[in-house]
>>> print(open('query_19.tsv').read())   # TSV, C-alpha atoms and all ligand atoms
chain	number	residue	atom	x	y	z
A	1	MET	CA	-0.77	-15.25	-21.23
A	2	LEU	CA	1.99	-15.80	-18.72
A	3	LEU	CA	2.48	-13.21	-16.00
A	4	GLU	CA	5.86	-13.23	-14.30
A	5	ALA	CA	6.44	-10.68	-11.58
A	6	THR	CA	7.84	-10.28	-8.12
A	7	VAL	CA	5.09	-9.99	-5.55
A	8	ASN	CA	6.07	-9.19	-1.98
A	9	ASN	CA	9.66	-10.22	-2.72
A	10	ARG	CA	8.64	-13.59	-4.15
A	11	PRO	CA	8.72	-14.60	-7.80
A	12	VAL	CA	5.27	-15.30	-9.20
A	13	SER	CA	4.45	-17.01	-12.46
A	14	LEU	CA	0.88	-17.68	-13.49
A	15	GLU	CA	-1.40	-17.85	-16.49
A	16	ILE	CA	-3.81	-14.94	-16.75
A	17	GLU	CA	-6.36	-13.64	-19.20
A	18	PRO	CA	-4.92	-10.67	-21.13
A	19	ARG	CA	-7.75	-8.52	-19.80
A	20	ALA	CA	-7.30	-9.66	-16.18
A	21	ILE	CA	-7.32	-6.86	-13.63
A	22	LEU	CA	-4.42	-6.72	-11.20
A	23	LEU	CA	-6.72	-6.49	-8.18
A	24	ASP	CA	-8.50	-9.71	-9.20
A	25	VAL	CA	-5.23	-11.54	-9.77
A	26	LEU	CA	-3.89	-10.48	-6.38
A	27	ARG	CA	-7.08	-11.29	-4.49
A	28	ASP	CA	-8.45	-14.30	-6.34
A	29	HIS	CA	-5.32	-16.04	-7.66
A	30	LEU	CA	-2.69	-15.15	-5.08
A	31	GLY	CA	-4.90	-14.90	-1.99
A	32	LEU	CA	-3.69	-11.38	-1.20
A	33	THR	CA	-6.92	-9.81	-0.03
A	34	GLY	CA	-5.46	-6.75	1.72
A	35	ALA	CA	-6.12	-4.53	-1.29
A	36	LYS	CA	-9.84	-3.82	-1.31
A	37	ARG	CA	-12.34	-3.15	-4.08
A	38	SER	CA	-14.58	-0.22	-3.26
A	39	CYS	CA	-15.27	2.36	-5.98
A	40	ASP	CA	-13.72	0.29	-8.79
A	41	THR	CA	-13.17	3.56	-10.69
A	42	GLN	CA	-9.77	4.82	-9.44
A	43	VAL	CA	-11.31	7.28	-7.01
A	44	CYS	CA	-10.94	5.90	-3.47
A	45	GLY	CA	-7.50	4.30	-3.17
A	46	ALA	CA	-8.76	1.26	-1.24
A	47	CYS	CA	-7.15	-1.01	-3.85
A	48	THR	CA	-3.74	0.71	-3.76
A	49	VAL	CA	-0.65	-1.43	-4.23
A	50	LEU	CA	2.91	-0.41	-5.07
A	51	LEU	CA	4.17	-1.13	-8.57
A	52	ASP	CA	7.92	-0.66	-8.65
A	53	GLY	CA	7.45	1.40	-5.50
A	54	SER	CA	4.77	3.74	-6.87
A	55	PRO	CA	1.15	3.63	-5.76
A	56	VAL	CA	-1.34	2.42	-8.35
A	57	SER	CA	-5.03	1.63	-8.22
A	58	ALA	CA	-5.08	-2.12	-8.74
A	59	CYS	CA	-8.78	-1.96	-9.69
A	60	CYS	CA	-7.86	-0.06	-12.84
A	61	THR	CA	-4.52	-1.69	-13.69
A	62	LEU	CA	-4.26	-4.58	-16.10
A	63	ALA	CA	-2.37	-7.44	-14.52
A	64	TYR	CA	-0.04	-7.83	-17.50
A	65	GLU	CA	1.31	-4.34	-16.75
A	66	ALA	CA	2.95	-5.88	-13.68
A	67	GLY	CA	5.01	-8.22	-15.86
A	68	GLY	CA	8.70	-8.09	-14.99
A	69	ARG	CA	8.03	-5.58	-12.22
A	70	THR	CA	7.72	-5.61	-8.45
A	71	VAL	CA	4.35	-5.52	-6.75
A	72	GLU	CA	4.00	-4.84	-3.07
A	73	THR	CA	0.80	-5.36	-1.14
A	74	ILE	CA	0.05	-4.76	2.51
A	75	GLU	CA	0.80	-8.42	3.19
A	76	GLY	CA	4.44	-7.76	2.30
A	77	LEU	CA	5.11	-5.06	4.86
A	78	ALA	CA	5.42	-6.80	8.20
A	79	GLY	CA	8.76	-8.45	8.87
A	80	PRO	CA	9.96	-11.16	11.23
A	81	ASP	CA	10.14	-8.62	14.05
A	82	GLY	CA	6.54	-7.53	13.65
A	83	LEU	CA	4.69	-4.72	12.00
A	84	HIS	CA	6.40	-2.27	9.70
A	85	PRO	CA	6.94	1.08	11.48
A	86	ILE	CA	4.27	2.68	9.28
A	87	GLN	CA	1.76	0.03	10.28
A	88	GLN	CA	2.70	0.43	13.93
A	89	ALA	CA	2.29	4.20	13.72
A	90	PHE	CA	-1.21	3.77	12.28
A	91	VAL	CA	-2.09	1.44	15.15
A	92	ASP	CA	-0.57	3.61	17.87
A	93	ARG	CA	-2.14	6.82	16.52
A	94	VAL	CA	-5.54	5.14	16.16
A	95	ALA	CA	-5.58	6.02	12.47
A	96	ILE	CA	-7.81	3.01	11.81
A	97	GLN	CA	-11.48	2.44	12.40
A	98	CYS	CA	-13.13	-0.05	10.03
A	99	GLY	CA	-9.75	-0.55	8.36
A	100	PHE	CA	-11.10	-0.86	4.84
A	101	CYS	CA	-9.01	2.05	3.58
A	102	THR	CA	-5.98	1.34	5.73
A	103	PRO	CA	-3.87	-0.89	3.46
A	104	GLY	CA	-4.06	1.76	0.77
A	105	PHE	CA	-3.13	4.55	3.16
A	106	VAL	CA	-0.21	2.59	4.56
A	107	LEU	CA	1.20	1.73	1.13
A	108	THR	CA	0.77	5.27	-0.17
A	109	THR	CA	2.54	6.50	2.96
A	110	LYS	CA	5.40	4.11	2.25
A	111	ALA	CA	5.78	5.57	-1.24
A	112	LEU	CA	5.62	9.11	0.12
A	113	LEU	CA	8.26	8.56	2.78
A	114	ALA	CA	10.54	6.80	0.28
A	115	GLU	CA	10.69	9.93	-1.84
A	116	ASN	CA	10.21	12.52	0.90
A	117	PRO	CA	11.32	11.24	4.31
A	118	CYS	CA	10.30	14.39	6.17
A	119	PRO	CA	7.15	15.76	4.56
A	120	THR	CA	5.18	18.71	5.84
A	121	ARG	CA	1.59	18.15	6.93
A	122	SER	CA	0.36	19.76	3.75
A	123	GLU	CA	2.66	17.59	1.61
A	124	ILE	CA	1.26	14.54	3.39
A	125	ALA	CA	-2.32	15.65	2.74
A	126	ASP	CA	-1.52	16.28	-0.93
A	127	PHE	CA	0.18	12.91	-1.45
A	128	LEU	CA	-2.65	11.05	0.28
A	129	GLY	CA	-5.29	12.96	-1.67
A	130	GLY	CA	-6.18	9.89	-3.73
A	131	ASN	CA	-6.96	7.82	-0.63
A	132	LEU	CA	-10.38	8.30	0.90
A	133	CYS	CA	-11.52	7.32	4.39
A	134	ARG	CA	-15.11	7.30	5.58
A	135	CYS	CA	-14.35	6.81	9.26
A	136	THR	CA	-11.39	8.54	10.79
A	137	GLY	CA	-11.78	12.20	9.87
A	138	TYR	CA	-8.21	12.10	8.53
A	139	TRP	CA	-6.51	13.92	11.46
A	140	ASN	CA	-5.27	10.72	13.06
A	141	ILE	CA	-4.03	9.52	9.68
A	142	LEU	CA	-1.99	12.69	9.23
A	143	ASP	CA	-0.65	12.27	12.77
A	144	ALA	CA	0.26	8.66	11.98
A	145	VAL	CA	2.18	9.59	8.85
A	146	GLU	CA	4.16	12.22	10.75
A	147	ASP	CA	4.83	9.65	13.45
A	148	ALA	CA	5.87	7.06	10.85
A	149	ALA	CA	8.32	9.52	9.33
A	150	ARG	CA	9.93	10.03	12.73
A	151	ARG	CA	10.08	6.27	13.36
A	152	LEU	CA	11.66	5.54	10.00
A	153	ALA	CA	14.21	8.32	10.47
A	154	ALA	CA	15.20	6.80	13.81
A	155	ALA	CA	15.00	3.11	12.88
A	156	PRO	CA	17.76	0.92	11.48
A	157	THR	CA	16.96	-0.27	7.95
A	158	SER	CA	16.51	-3.84	9.17
A	159	SER	CA	13.50	-2.86	11.27
A	160	GLN	CA	11.70	-1.17	8.40
A	161	GLY	CA	10.30	-4.34	6.90
A	162	PRO	CA	11.50	-6.67	4.19
A	163	SER	CA	11.35	-4.23	1.27
A	164	SER	CA	11.60	-0.75	2.74
B	201	LIG	S1	-11.40	0.44	-5.63
B	201	LIG	FE1	-9.72	1.09	-6.82
B	201	LIG	S2	-9.61	3.22	-6.52
B	201	LIG	FE2	-11.40	2.62	-5.45
B	202	LIG	S1	-10.99	3.47	8.56
B	202	LIG	FE1	-12.94	3.05	7.67
B	202	LIG	S2	-12.77	3.82	5.66
B	202	LIG	FE2	-10.98	4.46	6.62
>>> encode(input="query_19.tsv", output="structure tokens")
Amino acid sequence: MLLEATVNNRPVSLEIEPRAILLDVLRDHLGLTGAKRSCDTQVCGACTVLLDGSPVSACCTLAYEAGGRTVETIEGLAGPDGLHPIQQAFVDRVAIQCGFCTPGFVLTTKALLAENPCPTRSEIADFLGGNLCRCTGYWNILDAVEDAARRLAAAPTSSQGPSS
């Protein structure tokens, strides 16, 4: 079947198997390997991408469900001026160790701050509850999300990446 979608602000049209998994299509057909496969059972959030702005586990989403919709992966965040403010906050707050979970955390943070630009620490922890990290201990991640919220509040829209 034909899948037509917008991926990272670009139109995509490709033939897929009806049972194709979104994560496989992104990684194997489009070369977007930022979303990671870890648990493969919708538990860890390493495969998170944004579908029409909402976080989904790409490991458990059929690719055809993306038809006619927008998909955003970590590769779509940085703009011509550099990293997206959320990415930069994660770097500056050392919210990354191995980095395997980081694309999912960053994209979930983007969705959170789009609907709640000034979340409390407990709201951040709740929203990120579906993203697991084995390395950081989470405190630096919470710090990074608070920092990202401040940066986005202060930044002009043009510096927030191509699809903020
Ligand atoms: S790999 Fe998809 S939720 Fe863990
Ligand atoms: S930084 Fe290693 S799993 Fe999160």
>>> closest_residue(input="query_19.tsv", among="A:Gly130, A:Pro11, A:Gly137, A:Pro117", to="ligand LIG 202 (chain B)", atoms="all atoms listed in the file")
A:Gly137
>>> closest_residue(input="query_19.tsv", among="A:Gly79, A:Glu72, A:Asn140, A:Val94", to="Ala111 (chain A)", atoms="only C-alpha atoms")
A:Glu72
>>> residues_near_ligand(input="query_19.tsv", ligand="ligand LIG 201 (chain B)", cutoff="6 Å", atoms="only C-alpha atoms and all ligand atoms", output="list of chain:residue names")
A:Arg37, A:Ser38, A:Cys39, A:Asp40, A:Thr41, A:Gln42, A:Val43, A:Cys44, A:Gly45, A:Ala46, A:Cys47, A:Ser57, A:Ala58, A:Cys59
>>> axis_aligned_box(input="query_19.tsv", around="ligand LIG 202 (chain B)", padding_each_side="8 Å", output="JSON")
{"center_x": -12.0, "center_y": 3.8, "center_z": 7.1, "size_x": 18.0, "size_y": 17.4, "size_z": 18.9}
>>> residues_around(input="query_19.tsv", residues="Lys110 (chain A)", least_positions_apart="4", cutoff="9 Å", atoms="all atoms listed in the file", output="PyMOL selection string")
chain A and resi 50+53+86+105-106+114-115+164
>>> closest_residue(input="query_19.tsv", among="A:Gly104, A:Pro156, A:Gly67, A:Pro85", to="ligand LIG 202 (chain B)", atoms="only C-alpha atoms and all ligand atoms")
A:Gly104
>>> atom_distance(input="query_19.tsv", atom1="atom FE1 of ligand LIG 202 (chain B)", atom2="CA of Ile141 (chain A)")
11.2 Å
>>> closest_residue(input="query_19.tsv", among="A:Ala35, A:Ala20, A:Cys101, A:Leu83", to="ligand LIG 202 (chain B)", atoms="all atoms listed in the file")
A:Cys101
>>> atom_distance(input="query_19.tsv", atom1="CA of Arg69 (chain A)", atom2="CA of Ile21 (chain A)")
15.5 Å
>>> closest_atom_pairs(input="query_19.tsv", of="chain A", to="ligand LIG 202 (chain B)", cutoff="7 Å", atoms="all atoms listed in the file", output="JSON lines")
{"residue": "A:Ile96", "atom": "CA", "partner": "B:LIG202", "partner_atom": "S1", "distance": 4.6}
{"residue": "A:Gln97", "atom": "CA", "partner": "B:LIG202", "partner_atom": "S1", "distance": 4.0}
{"residue": "A:Cys98", "atom": "CA", "partner": "B:LIG202", "partner_atom": "FE1", "distance": 3.9}
{"residue": "A:Gly99", "atom": "CA", "partner": "B:LIG202", "partner_atom": "S1", "distance": 4.2}
{"residue": "A:Phe100", "atom": "CA", "partner": "B:LIG202", "partner_atom": "S2", "distance": 5.0}
{"residue": "A:Cys101", "atom": "CA", "partner": "B:LIG202", "partner_atom": "FE2", "distance": 4.4}
{"residue": "A:Thr102", "atom": "CA", "partner": "B:LIG202", "partner_atom": "FE2", "distance": 6.0}
{"residue": "A:Leu132", "atom": "CA", "partner": "B:LIG202", "partner_atom": "FE2", "distance": 6.9}
{"residue": "A:Cys133", "atom": "CA", "partner": "B:LIG202", "partner_atom": "FE2", "distance": 3.7}
{"residue": "A:Arg134", "atom": "CA", "partner": "B:LIG202", "partner_atom": "S2", "distance": 4.2}
{"residue": "A:Cys135", "atom": "CA", "partner": "B:LIG202", "partner_atom": "FE1", "distance": 4.3}
{"residue": "A:Thr136", "atom": "CA", "partner": "B:LIG202", "partner_atom": "S1", "distance": 5.6}
>>> atom_distance(input="query_19.tsv", atom1="CA of Leu2 (chain A)", atom2="CA of Glu15 (chain A)")
4.5 Å
>>> residues_around(input="query_19.tsv", residues="Thr109 (chain A)", least_positions_apart="3", cutoff="10 Å", atoms="only C-alpha atoms", output="ChimeraX atom specification")
/A:55,86-87,103-106,112-114,116,124,127-128,141-142,144-146,148-149
>>> closest_residue(input="query_19.tsv", among="A:Thr120, A:Gly31, A:Asn8, A:Ala66", to="Ala78 (chain A)", atoms="all atoms listed in the file")
A:Asn8
